[in-house]
Amino acid sequence: MAQDLCQNVTPLDAEDTWGLADDAPRDYTFLFMPVVARLEEFDPLAPQREAALFYGLFLRGHSAETLRRDIDVPRKLLNKMMFRHRNEQAVQQKLQRTYMYRKQVLAIFDELVTREKILDRIH
């Protein structure tokens, strides 16, 4: 069955930058397309969504400080990784982007937690 599906695959449209096609083949290889990785690069709401996930954990009783430690990437760790990959510019750029992304998520999470504490004082 899987072999028949793989043999009937039509190539995706070259202009389809999202990796999605209207008539995408319905086989198991469809699941392994790198769509998610490319969507994250273009999704401006990704940090808000991730911060919302951590905020949901906070609302369920997890410690805000523990969640902050889970979100944050210490500068010392970034420096260690940058030194380890000192000859690989592409890896360093990805590490820097990841660091900035995590800091964005942390800032959004902190804002949500602060807002929750203010609302608790009001009520």
# chains A, B, ... in the order shown; residues from 1 in each chain; ligands from 1
>>> residues_around(residues="segment 66-81 of chain A", least_positions_apart="3", cutoff="8 Å", atoms="only C-alpha atoms", output="list of chain:residue names")
A:Phe54, A:Phe58, A:His62, A:Ser63, A:Arg84, A:His85, A:Leu95, A:Gln96, A:Tyr99, A:Arg102, A:Lys103, A:Val105, A:Leu106
>>> write_last_selection(atoms="C-alpha atoms", output="mmCIF file, in the first residue's frame")
data_model
loop_
_atom_site.group_PDB
_atom_site.id
_atom_site.type_symbol
_atom_site.label_atom_id
_atom_site.label_comp_id
_atom_site.auth_asym_id
_atom_site.auth_seq_id
_atom_site.Cartn_x
_atom_site.Cartn_y
_atom_site.Cartn_z
ATOM 1 C CA PHE A 54 4.006 28.754 29.675
ATOM 2 C CA PHE A 58 1.541 29.255 35.456
ATOM 3 C CA HIS A 62 3.496 26.039 38.352
ATOM 4 C CA SER A 63 5.973 28.457 39.880
ATOM 5 C CA ARG A 84 32.163 25.807 20.548
ATOM 6 C CA HIS A 85 30.947 26.754 17.061
ATOM 7 C CA LEU A 95 22.173 30.364 18.124
ATOM 8 C CA GLN A 96 21.848 34.148 18.250
ATOM 9 C CA TYR A 99 18.679 33.377 22.092
ATOM 10 C CA ARG A 102 13.806 32.928 23.968
ATOM 11 C CA LYS A 103 14.295 36.423 25.408
ATOM 12 C CA VAL A 105 9.180 34.653 24.951
ATOM 13 C CA LEU A 106 10.480 35.442 28.436
#
>>> atom_distance(atom1="atom CA of Ala52 of chain A", atom2="atom CA of Asp110 of chain A")
10.8 Å
>>> atom_distance(atom1="atom CA of Ala51 of chain A", atom2="atom CA of Ile108 of chain A")
6.1 Å
>>> select_by_dssp(residues="segment 28-120 of chain A", states="helix (DSSP H, G or I)", output="PyMOL selection string")
chain A and resi 28-32+35-42+46-59+64-71+75-84+89-120
>>> atom_distance(atom1="atom CA of Gln104 of chain A", atom2="atom CA of Gln48 of chain A")
8.5 Å
